[in-house]
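> What follows is data02.cif, mmCIF, C-alpha atoms.
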data_input
loop_
_atom_site.label_atom_id
_atom_site.label_comp_id
_atom_site.auth_asym_id
_atom_site.auth_seq_id
_atom_site.Cartn_x
_atom_site.Cartn_y
_atom_site.Cartn_z
CA MET A 286 -15.72 -24.08 -0.15
CA ALA A 287 -15.37 -22.43 -3.50
CA GLN A 288 -15.33 -24.38 -6.72
CA PRO A 289 -11.69 -24.75 -7.75
CA GLU A 290 -12.40 -23.31 -11.19
CA SER A 291 -14.01 -20.12 -9.94
CA PHE A 292 -11.56 -19.83 -7.07
CA LYS A 293 -8.73 -19.93 -9.54
CA LYS A 294 -10.40 -17.29 -11.66
CA ASP A 295 -10.91 -15.07 -8.63
CA LEU A 296 -7.28 -15.48 -7.63
CA LEU A 297 -6.14 -14.53 -11.10
CA ALA A 298 -8.33 -11.46 -11.01
CA ALA A 299 -6.85 -10.39 -7.69
CA ILE A 300 -3.24 -10.61 -8.83
CA PRO A 301 -2.88 -7.01 -10.06
CA SER A 302 -4.06 -5.70 -6.68
CA LEU A 303 -1.87 -8.13 -4.80
CA ARG A 304 1.18 -7.07 -6.77
CA ALA A 305 0.43 -3.41 -6.15
CA PHE A 306 0.02 -4.01 -2.44
CA GLY A 307 3.20 -6.08 -2.45
CA VAL A 308 5.20 -3.30 -4.09
CA SER A 309 3.81 -0.77 -1.67
CA LEU A 310 4.95 -2.94 1.23
CA THR A 311 8.35 -3.97 -0.08
CA GLN A 312 9.19 -1.04 -2.38
CA ASN A 313 10.60 -3.65 -4.66
CA ALA A 314 8.93 -5.32 -7.63
CA ASP A 315 10.81 -8.62 -7.45
CA ARG A 316 10.21 -9.09 -3.78
CA ALA A 317 6.59 -8.19 -4.33
CA ASP A 318 6.20 -10.89 -6.95
CA ASP A 319 7.77 -13.45 -4.65
CA LEU A 320 5.27 -12.45 -2.02
CA VAL A 321 2.42 -12.78 -4.49
CA GLN A 322 3.62 -16.24 -5.43
CA GLU A 323 3.72 -17.34 -1.78
CA THR A 324 0.33 -15.80 -1.25
CA LEU A 325 -1.21 -17.72 -4.13
CA VAL A 326 0.20 -21.03 -2.91
CA LYS A 327 -1.00 -20.39 0.64
CA ALA A 328 -4.39 -19.20 -0.53
CA TRP A 329 -4.78 -22.30 -2.63
CA ASP A 330 -3.88 -24.56 0.28
CA LYS A 331 -6.22 -22.74 2.61
CA GLN A 332 -9.10 -22.23 0.24
CA ASP A 333 -11.37 -24.33 2.43
CA SER A 334 -11.05 -21.70 5.11
CA PHE A 335 -12.22 -18.93 2.83
CA GLU A 336 -15.88 -18.18 3.27
CA PRO A 337 -17.49 -17.54 -0.11
CA GLY A 338 -19.33 -14.26 -0.15
CA THR A 339 -16.80 -12.55 2.07
CA ASN A 340 -14.14 -10.24 0.70
CA LEU A 341 -11.61 -12.39 -1.13
CA LYS A 342 -9.31 -9.46 -1.75
CA ALA A 343 -9.14 -8.67 1.97
CA TRP A 344 -8.49 -12.33 2.73
CA LEU A 345 -5.66 -12.43 0.19
CA PHE A 346 -4.18 -9.16 1.42
CA THR A 347 -4.09 -10.64 4.92
CA ILE A 348 -2.15 -13.63 3.68
CA LEU A 349 0.26 -11.48 1.70
CA ARG A 350 0.83 -9.16 4.61
CA ASN A 351 1.49 -12.04 7.01
CA GLU A 352 3.92 -13.50 4.55
CA PHE A 353 5.67 -10.16 4.23
CA TYR A 354 6.18 -9.78 7.97
CA SER A 355 7.23 -13.37 8.44
CA GLN A 356 9.84 -12.95 5.69
CA MET A 357 11.04 -9.77 7.33
CA ARG A 358 11.45 -11.55 10.61
CA LYS A 359 13.33 -14.36 8.92
CA ARG A 360 15.62 -11.99 7.16
CA GLY A 361 15.99 -10.00 10.33
CA ARG A 362 15.97 -6.73 8.55
CA GLU A 363 13.86 -3.69 8.09
CA VAL A 364 11.74 -3.10 5.08
CA GLN A 365 14.41 -1.63 2.96
CA ASP A 366 14.88 -1.32 -0.64
CA SER A 367 17.82 -3.32 -1.81
CA ASP A 368 17.70 -2.31 -5.42
CA GLY A 369 18.24 1.35 -4.97
CA VAL A 370 14.68 2.31 -5.74
CA MET A 371 14.95 4.80 -2.94
CA THR A 372 18.26 6.21 -4.00
CA GLN A 373 17.35 6.32 -7.61
CA LYS A 374 14.62 8.83 -6.95
CA MET A 375 17.04 11.51 -6.00
CA ALA A 376 16.79 13.28 -9.28
CA VAL A 377 13.67 15.02 -8.18
CA HIS A 378 12.62 18.20 -9.80
CA PRO A 379 9.34 19.26 -8.35
CA GLY A 380 7.27 20.72 -11.08
CA GLN A 381 5.16 23.82 -10.93
CA LEU A 382 4.19 25.30 -7.64
CA GLY A 383 1.33 23.46 -6.08
CA VAL A 384 1.83 20.33 -8.08
CA LEU A 385 3.38 17.53 -6.17
CA ASP A 386 5.59 15.28 -8.18
CA LEU A 387 4.70 11.61 -8.03
CA ALA A 388 8.35 10.70 -7.49
CA ASP A 389 8.49 13.02 -4.48
CA PHE A 390 5.40 11.42 -3.14
CA LYS A 391 6.82 7.94 -3.58
CA ASP A 392 9.95 8.94 -1.70
CA ALA A 393 7.96 10.41 1.11
CA LEU A 394 5.87 7.27 1.33
CA ALA A 395 8.99 5.14 1.50
CA THR A 396 10.14 6.97 4.61
CA LEU A 397 7.02 6.03 6.58
CA PRO A 398 7.21 3.20 9.10
CA PRO A 399 5.74 0.06 7.49
CA ASP A 400 2.67 -0.01 9.72
CA GLN A 401 1.74 3.53 8.79
CA ARG A 402 2.47 3.02 5.13
CA GLU A 403 0.30 -0.05 4.85
CA ALA A 404 -2.52 1.63 6.74
CA ILE A 405 -2.61 4.68 4.52
CA ILE A 406 -2.37 2.53 1.38
CA LEU A 407 -5.19 0.25 2.46
CA ILE A 408 -7.48 3.12 3.36
CA GLY A 409 -6.46 5.78 0.90
CA ALA A 410 -5.68 3.74 -2.17
CA SER A 411 -6.85 0.13 -2.04
CA GLY A 412 -10.39 1.09 -1.18
CA PHE A 413 -10.78 -0.86 2.04
CA SER A 414 -12.91 0.31 4.93
CA TYR A 415 -11.33 0.93 8.31
CA GLU A 416 -12.90 -2.32 9.51
CA GLU A 417 -11.46 -4.30 6.62
CA ALA A 418 -8.05 -2.71 7.02
CA ALA A 419 -8.11 -3.53 10.72
CA ALA A 420 -8.93 -7.14 9.90
CA ILE A 421 -6.12 -7.30 7.35
CA CYS A 422 -3.61 -5.83 9.79
CA GLU A 423 -5.03 -7.78 12.71
CA CYS A 424 -5.40 -4.75 14.89
CA ALA A 425 -8.11 -2.51 16.26
CA VAL A 426 -10.02 -0.09 14.06
CA GLY A 427 -8.80 2.76 16.24
CA THR A 428 -5.22 1.68 15.64
CA ILE A 429 -5.71 1.86 11.88
CA LYS A 430 -7.28 5.28 12.23
CA SER A 431 -4.41 6.62 14.23
CA ARG A 432 -1.82 5.09 11.88
CA VAL A 433 -3.53 6.67 8.89
CA SER A 434 -3.68 9.97 10.67
CA ARG A 435 -0.02 9.86 11.63
CA ALA A 436 0.96 8.77 8.13
CA ARG A 437 -0.96 11.64 6.61
CA THR A 438 0.55 14.18 8.97
CA ARG A 439 4.00 12.85 8.33
CA LEU A 440 3.56 12.90 4.57
CA GLN A 441 2.37 16.45 4.75
CA GLN A 442 5.38 17.43 6.82
CA ILE A 443 7.87 15.67 4.60
CA LEU A 444 6.38 17.03 1.45
CA ALA A 445 6.19 20.52 2.80
CA VAL A 446 9.81 20.33 3.88
CA SER A 447 10.89 19.06 0.51
CA GLY A 448 10.18 22.52 -0.69
CA GLU A 449 8.41 23.85 -3.68
CA ALA A 450 5.13 22.07 -3.26
CA ASP A 451 2.39 24.35 -2.07
CA PHE A 452 0.97 21.82 0.20
CA GLY A 453 0.49 20.78 3.77
CA PRO A 454 -1.56 21.24 6.90
CA ASP A 455 -0.51 24.79 7.47
CA ALA A 456 2.25 27.10 6.52
CA ILE A 457 3.43 27.69 10.08
CA SER A 458 4.35 24.14 10.88
CA ALA A 459 5.98 23.85 7.48
CA GLN A 460 8.11 26.88 8.29
CA VAL A 461 8.98 25.57 11.71
CA ILE A 462 10.02 22.27 10.27
CA ALA A 463 11.91 23.90 7.45
CA SER A 464 13.85 26.14 9.79
CA ASN A 465 14.62 23.25 12.09
CA ALA A 466 15.94 21.36 9.14
CA ALA A 467 18.03 24.25 7.94
CA MET B 139 3.72 33.13 3.11
CA SER B 140 1.78 34.39 6.11
CA GLU B 141 -1.50 34.59 4.20
CA LYS B 142 -1.57 30.87 4.08
CA VAL B 143 -2.07 30.61 7.81
CA SER B 144 -5.75 31.17 7.27
CA GLU B 145 -6.01 27.96 5.28
CA LYS B 146 -7.59 25.46 7.58
CA LYS B 147 -7.09 21.81 6.93
CA PRO B 148 -8.82 18.96 8.72
CA LYS B 149 -7.10 17.62 11.80
CA GLY B 150 -6.36 13.99 12.50
CA GLY B 151 -9.44 11.90 13.12
CA GLN B 152 -10.74 13.18 9.84
CA ALA B 153 -7.98 11.38 8.08
CA ALA B 154 -10.37 9.75 5.67
CA ALA B 155 -11.70 13.10 4.54
CA ALA B 156 -8.18 14.33 4.11
CA LEU B 157 -7.54 11.36 1.87
CA GLY B 158 -10.58 12.16 -0.20
CA PRO B 159 -10.66 13.26 -3.81
CA ASN B 160 -10.08 16.90 -2.95
CA ALA B 161 -7.01 16.41 -0.87
CA GLU B 162 -3.61 16.39 -2.50
CA ILE B 163 -2.38 13.44 -0.48
CA GLY B 164 -5.45 11.43 -1.29
CA ARG B 165 -5.04 12.13 -4.97
CA LYS B 166 -1.34 11.31 -4.97
CA LEU B 167 -1.91 8.16 -3.00
CA LYS B 168 -4.37 6.90 -5.57
CA GLN B 169 -2.16 8.01 -8.43
CA TYR B 170 0.78 6.18 -6.89
CA TYR B 171 -1.23 3.04 -6.29
CA GLU B 172 -2.73 3.08 -9.76
CA SER B 173 0.77 3.34 -11.18
CA LEU B 174 1.50 0.02 -9.47
CA ILE B 175 -1.49 -1.76 -10.97
CA VAL B 176 -0.56 -3.72 -14.05
CA ASP B 177 -3.54 -5.48 -15.54
CA GLU B 178 -1.50 -8.00 -17.42
CA VAL B 179 -0.68 -10.97 -15.20
CA PRO B 180 2.79 -12.46 -15.70
CA ASP B 181 2.83 -16.01 -17.00
CA ARG B 182 4.50 -17.33 -13.88
CA PHE B 183 1.34 -16.72 -11.87
CA ALA B 184 -1.06 -18.20 -14.39
CA GLN B 185 1.21 -21.23 -14.65
CA LEU B 186 1.44 -21.55 -10.91
CA LEU B 187 -2.32 -21.56 -10.54
CA SER B 188 -2.72 -24.14 -13.28
CA GLN B 189 -0.14 -26.27 -11.55
CA LEU B 190 -1.89 -25.99 -8.20
CA GLU B 191 -5.14 -26.87 -9.88
CA SER B 192 -3.79 -29.90 -11.67
CA VAL B 193 -2.17 -31.23 -8.50
CA GLU B 194 -5.49 -30.93 -6.76
CA THR B 195 -7.40 -32.62 -9.55
CA LYS B 196 -4.93 -35.47 -9.48
CA LEU B 197 -5.24 -35.86 -5.73
CA GLU B 198 -9.00 -35.96 -5.99
CA LYS B 199 -8.84 -38.72 -8.56
CA ASP B 200 -6.55 -40.86 -6.45
#
Any chance you could give the structure as C-alpha coordinates?

Amino acid sequence: MAQPESFKKDLLAAIPSLRAFGVSLTQNADRADDLVQETLVKAWDKQDSFEPGTNLKAWLFTILRNEFYSQMRKRGREVQDSDGVMTQKMAVHPGQLGVLDLADFKDALATLPPDQREAIILIGASGFSYEEAAAICECAVGTIKSRVSRARTRLQQILAVSGEADFGPDAISAQVIASNAA
Amino acid sequence: MSEKVSEKKPKGGQAAAALGPNAEIGRKLKQYYESLIVDEVPDRFAQLLSQLESVETKLEKD
(Lines of atoms letter the chains of each structure in order from A and count residues from 1; the text may use other names and numbers.)
(Lines give C-alpha, C1' and ligand atoms only; values in the text may rest on other atoms or scores of the structure.)
Protein backbone atom coordinates (compact mmCIF):
# COMPACT_ATOMS: atom_id res chain seq x y z
CA MET A 1 0.00 0.00 0.00
CA ALA A 2 1.01 3.58 -0.44
CA GLN A 3 2.46 5.63 2.36
CA PRO A 4 -0.37 7.76 3.76
CA GLU A 5 1.64 10.93 3.33
CA SER A 6 2.37 10.42 -0.35
CA PHE A 7 -1.07 9.00 -0.99
CA LYS A 8 -2.58 12.14 0.44
CA LYS A 9 -0.32 14.27 -1.72
CA ASP A 10 -1.29 12.31 -4.81
CA LEU A 11 -4.96 12.67 -3.98
CA LEU A 12 -4.59 16.39 -3.57
CA ALA A 13 -2.83 16.61 -6.91
CA ALA A 14 -5.64 14.73 -8.61
CA ILE A 15 -8.41 16.98 -7.32
CA PRO A 16 -8.43 19.47 -10.22
CA SER A 17 -8.88 16.61 -12.71
CA LEU A 18 -11.51 14.95 -10.56
CA ARG A 19 -13.49 18.17 -10.33
CA ALA A 20 -13.30 18.68 -14.07
CA PHE A 21 -14.47 15.14 -14.73
CA GLY A 22 -17.21 15.60 -12.14
CA VAL A 23 -18.49 18.75 -13.82
CA SER A 24 -18.41 17.09 -17.20
CA LEU A 25 -20.55 14.26 -15.83
CA THR A 26 -23.00 16.28 -13.77
CA GLN A 27 -22.95 19.62 -15.62
CA ASN A 28 -23.11 21.15 -12.20
CA ALA A 29 -20.23 22.44 -10.09
CA ASP A 30 -21.80 21.81 -6.69
CA ARG A 31 -22.79 18.28 -7.50
CA ALA A 32 -19.35 17.72 -8.92
CA ASP A 33 -17.71 18.82 -5.69
CA ASP A 34 -19.95 16.53 -3.68
CA LEU A 35 -18.87 13.70 -5.93
CA VAL A 36 -15.23 14.61 -5.45
CA GLN A 37 -15.70 14.62 -1.70
CA GLU A 38 -17.27 11.14 -1.77
CA THR A 39 -14.53 9.97 -4.07
CA LEU A 40 -11.80 11.15 -1.71
CA VAL A 41 -13.39 9.44 1.28
CA LYS A 42 -13.86 6.20 -0.64
CA ALA A 43 -10.37 6.35 -2.09
CA TRP A 44 -8.93 6.87 1.35
CA ASP A 45 -10.85 3.91 2.75
CA LYS A 46 -9.83 1.70 -0.13
CA GLN A 47 -6.25 2.82 -0.47
CA ASP A 48 -5.01 -0.66 0.35
CA SER A 49 -6.60 -1.87 -2.85
CA PHE A 50 -4.74 0.64 -4.97
CA GLU A 51 -1.66 -0.84 -6.56
CA PRO A 52 1.19 1.66 -6.46
CA GLY A 53 2.66 2.19 -9.87
CA THR A 54 -0.67 1.87 -11.62
CA ASN A 55 -2.63 4.88 -12.80
CA LEU A 56 -4.01 6.61 -9.73
CA LYS A 57 -6.00 9.07 -11.79
CA ALA A 58 -7.78 6.25 -13.63
CA TRP A 59 -8.47 4.52 -10.31
CA LEU A 60 -9.94 7.71 -8.87
CA PHE A 61 -12.00 8.40 -11.98
CA THR A 62 -13.47 4.92 -11.65
CA ILE A 63 -14.52 5.62 -8.09
CA LEU A 64 -15.99 9.00 -8.99
CA ARG A 65 -17.88 7.57 -11.91
CA ASN A 66 -19.32 4.73 -9.84
CA GLU A 67 -20.38 7.21 -7.23
CA PHE A 68 -22.02 9.36 -9.88
CA TYR A 69 -24.10 6.49 -11.26
CA SER A 70 -25.02 5.19 -7.85
CA GLN A 71 -26.24 8.67 -6.86
CA MET A 72 -28.22 8.88 -10.07
CA ARG A 73 -29.88 5.58 -9.34
CA LYS A 74 -30.68 6.71 -5.83
CA ARG A 75 -32.15 9.94 -7.02
CA GLY A 76 -33.95 8.10 -9.76
CA ARG A 77 -33.37 10.79 -12.26
CA GLU A 78 -31.46 11.49 -15.38
CA VAL A 79 -28.30 13.48 -15.45
CA GLN A 80 -29.91 16.82 -15.62
CA ASP A 81 -28.81 20.17 -14.72
CA SER A 82 -30.86 21.55 -11.90
CA ASP A 83 -29.28 24.96 -11.76
CA GLY A 84 -30.18 26.10 -15.19
CA VAL A 85 -26.69 25.77 -16.58
CA MET A 86 -28.27 24.38 -19.70
CA THR A 87 -30.90 27.04 -20.01
CA GLN A 88 -28.55 29.82 -19.20
CA LYS A 89 -26.52 29.14 -22.29
CA MET A 90 -29.28 30.21 -24.58
CA ALA A 91 -27.76 33.56 -25.28
CA VAL A 92 -25.52 32.08 -27.87
CA HIS A 93 -24.07 34.21 -30.55
CA PRO A 94 -21.79 32.12 -32.66
CA GLY A 95 -18.85 34.20 -33.60
CA GLN A 96 -17.20 34.40 -36.96
CA LEU A 97 -17.81 31.77 -39.55
CA GLY A 98 -15.78 28.69 -38.90
CA VAL A 99 -15.19 29.45 -35.27
CA LEU A 100 -17.23 27.39 -32.93
CA ASP A 101 -18.24 29.12 -29.78
CA LEU A 102 -17.27 27.33 -26.59
CA ALA A 103 -20.75 27.92 -25.16
CA ASP A 104 -22.29 26.24 -28.20
CA PHE A 105 -19.97 23.36 -27.75
CA LYS A 106 -20.86 23.00 -24.09
CA ASP A 107 -24.55 22.94 -24.96
CA ALA A 108 -24.02 20.32 -27.58
CA LEU A 109 -22.04 18.22 -25.16
CA ALA A 110 -24.80 18.48 -22.59
CA THR A 111 -27.27 16.92 -25.00
CA LEU A 112 -25.24 13.72 -25.37
CA PRO A 113 -26.30 10.62 -23.47
CA PRO A 114 -24.10 10.30 -20.36
CA ASP A 115 -22.27 7.22 -21.60
CA GLN A 116 -21.25 8.95 -24.80
CA ARG A 117 -20.32 12.16 -23.06
CA GLU A 118 -18.06 10.46 -20.57
CA ALA A 119 -16.41 8.41 -23.29
CA ILE A 120 -15.58 11.37 -25.47
CA ILE A 121 -14.33 13.35 -22.47
CA LEU A 122 -12.10 10.55 -21.25
CA ILE A 123 -10.59 9.96 -24.67
CA GLY A 124 -10.63 13.40 -26.19
CA ALA A 125 -9.90 15.58 -23.19
CA SER A 126 -8.69 13.72 -20.12
CA GLY A 127 -5.91 12.00 -21.99
CA PHE A 128 -6.80 8.40 -21.25
CA SER A 129 -6.18 5.56 -23.65
CA TYR A 130 -9.09 3.49 -24.93
CA GLU A 131 -7.97 0.71 -22.60
CA GLU A 132 -7.92 2.99 -19.58
CA ALA A 133 -11.27 4.51 -20.48
CA ALA A 134 -12.74 1.04 -20.85
CA ALA A 135 -11.43 0.11 -17.41
CA ILE A 136 -12.87 3.29 -15.91
CA CYS A 137 -16.26 2.69 -17.51
CA GLU A 138 -16.11 -1.04 -16.87
CA CYS A 139 -16.89 -1.94 -20.43
CA ALA A 140 -15.15 -3.32 -23.49
CA VAL A 141 -12.64 -1.28 -25.46
CA GLY A 142 -14.84 -1.65 -28.52
CA THR A 143 -17.76 -0.18 -26.60
CA ILE A 144 -15.73 2.90 -25.73
CA LYS A 145 -14.66 3.25 -29.34
CA SER A 146 -18.20 3.12 -30.59
CA ARG A 147 -19.44 5.54 -27.93
CA VAL A 148 -16.72 8.02 -28.84
CA SER A 149 -17.54 7.64 -32.48
CA ARG A 150 -21.26 8.16 -31.92
CA ALA A 151 -20.58 11.11 -29.64
CA ARG A 152 -18.38 12.73 -32.24
CA THR A 153 -20.90 12.21 -35.01
CA ARG A 154 -23.67 13.57 -32.87
CA LEU A 155 -21.68 16.62 -31.86
CA GLN A 156 -20.89 17.31 -35.46
CA GLN A 157 -24.54 17.04 -36.38
CA ILE A 158 -25.75 19.22 -33.56
CA LEU A 159 -23.15 21.84 -34.17
CA ALA A 160 -23.76 21.89 -37.87
CA VAL A 161 -27.48 22.26 -37.27
CA SER A 162 -26.94 25.08 -34.85
CA GLY A 163 -26.01 27.09 -37.85
CA GLU A 164 -23.22 29.45 -38.53
CA ALA A 165 -20.33 27.21 -37.68
CA ASP A 166 -18.50 25.99 -40.73
CA PHE A 167 -18.02 22.61 -39.36
CA GLY A 168 -19.04 19.01 -39.58
CA PRO A 169 -18.55 15.74 -41.38
CA ASP A 170 -19.95 16.93 -44.64
CA ALA A 171 -22.19 19.61 -45.93
CA ILE A 172 -24.80 17.24 -47.32
CA SER A 173 -25.75 15.62 -44.07
CA ALA A 174 -25.77 19.02 -42.43
CA GLN A 175 -28.21 20.23 -45.06
CA VAL A 176 -30.38 17.17 -44.70
CA ILE A 177 -30.50 17.59 -40.98
CA ALA A 178 -31.11 21.30 -41.25
CA SER A 179 -33.99 20.84 -43.65
CA ASN A 180 -35.48 18.13 -41.50
CA ALA A 181 -35.31 20.45 -38.57
CA ALA A 182 -36.86 23.31 -40.47
CA MET B 1 -22.43 25.26 -50.20
CA SER B 2 -22.03 22.43 -52.68
CA GLU B 3 -18.26 22.89 -52.96
CA LYS B 4 -17.93 21.62 -49.48
CA VAL B 5 -19.04 18.16 -50.48
CA SER B 6 -15.52 17.44 -51.59
CA GLU B 7 -14.25 17.88 -48.06
CA LYS B 8 -13.64 14.41 -46.76
CA LYS B 9 -13.59 13.84 -43.06
CA PRO B 10 -12.62 10.62 -41.30
CA LYS B 11 -15.41 8.16 -40.65
CA GLY B 12 -16.15 6.52 -37.33
CA GLY B 13 -13.50 4.08 -36.21
CA GLN B 14 -11.01 6.85 -36.67
CA ALA B 15 -12.64 8.74 -33.89
CA ALA B 16 -9.37 9.30 -32.13
CA ALA B 17 -7.89 10.98 -35.18
CA ALA B 18 -10.96 13.12 -35.47
CA LEU B 19 -10.40 14.19 -31.89
CA GLY B 20 -6.83 15.11 -32.63
CA PRO B 21 -5.29 18.55 -32.57
CA ASN B 22 -6.40 19.36 -36.10
CA ALA B 23 -10.03 18.56 -35.64
CA GLU B 24 -12.41 21.22 -34.43
CA ILE B 25 -14.20 18.89 -32.05
CA GLY B 26 -10.95 17.70 -30.57
CA ARG B 27 -9.81 21.25 -30.01
CA LYS B 28 -13.10 22.34 -28.49
CA LEU B 29 -13.22 19.31 -26.27
CA LYS B 30 -9.84 20.12 -24.83
CA GLN B 31 -10.69 23.78 -24.53
CA TYR B 32 -13.89 22.91 -22.70
CA TYR B 33 -12.13 20.51 -20.37
CA GLU B 34 -9.31 22.92 -19.66
CA SER B 35 -11.88 25.55 -18.75
CA LEU B 36 -13.06 23.16 -16.03
CA ILE B 37 -9.62 22.66 -14.53
CA VAL B 38 -9.03 24.93 -11.58
CA ASP B 39 -5.60 24.44 -10.11
CA GLU B 40 -6.49 25.90 -6.78
CA VAL B 41 -7.99 23.24 -4.52
CA PRO B 42 -10.82 24.43 -2.26
CA ASP B 43 -10.09 24.27 1.44
CA ARG B 44 -12.84 21.76 2.06
CA PHE B 45 -10.88 19.08 0.23
CA ALA B 46 -7.55 19.79 1.89
CA GLN B 47 -9.31 19.77 5.25
CA LEU B 48 -11.09 16.55 4.45
CA LEU B 49 -7.85 14.81 3.58
CA SER B 50 -6.16 16.06 6.73
CA GLN B 51 -9.09 14.78 8.72
CA LEU B 52 -8.96 11.37 7.07
CA GLU B 53 -5.25 11.27 7.73
CA SER B 54 -5.52 12.20 11.38
CA VAL B 55 -8.25 9.62 11.98
CA GLU B 56 -6.02 7.00 10.49
CA THR B 57 -3.00 8.04 12.52
CA LYS B 58 -5.09 7.89 15.66
CA LEU B 59 -6.37 4.43 14.81
CA GLU B 60 -2.86 3.20 14.21
CA LYS B 61 -1.74 4.45 17.59
CA ASP B 62 -4.58 2.74 19.42
> Taking the file as shown, what set of residues would the PyMOL selection byres ((chain A) within 9 of (chain B)) give back, as an MDAnalysis selection string?
chainID A and resid 289:290 293 296:298 300:306 308:309 321:322 325:326 329:330 384:388 390:391 394 405:406 408:411 430:431 433:435 437:438 440:441 452:457
> Between CA of Ser414 (chain A) and CA of Phe353 (chain A), measure the distance and give it in Å to one decimal.
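Calculated distance between CA of Ser414 (chain A) and CA of Phe353 (chain A) is 21.3 Å.
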> Given 4 Å of margin on each side, can you work out the centre and size in Å (one decimal) of an axis-aligned box holding every listed atom of region 308-317 of chain A, as AutoDock Vina command-line options?

--center_x 7.3 --center_y -4.9 --center_z -3.2 --size_x 15.0 --size_y 16.3 --size_z 16.9
> Which is closer to Asp318 (chain A) than all the others in A:Ala419, A:Leu444, A:Ala343, A:Leu349, using only C-alpha atoms?
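Result for the nearest residue to Asp318 (chain A): A:Leu349.
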> Nearest to Ala317 (chain A) among A:Pro337, A:Glu352, A:Asp389, A:Glu417, with distances taken over only C-alpha atoms: which residue is it?
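Of all the options, A:Glu352 lies closest to Ala317 (chain A).
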> For Leu397 (chain A), which residue among A:Asn313, A:Gln332, A:Gln442, A:Asn340 is the nearest when counting only C-alpha atoms?
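Of A:Asn313, A:Gln332, A:Gln442, A:Asn340, the one nearest Leu397 (chain A) is A:Gln442, counting only C-alpha atoms.
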> What is the distance between CA of Asp333 (chain A) and CA of Asp295 (chain A), in Å to one decimal?
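One can read the CA of Asp333 (chain A) to CA of Asp295 (chain A) distance as 14.4 Å.
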> What is the distance, in Å and to one decimal place, between CA of Ala299 (chain A) and CA of Gln401 (chain A)?
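Separating CA of Ala299 (chain A) from CA of Gln401 (chain A) is a distance of 23.2 Å.
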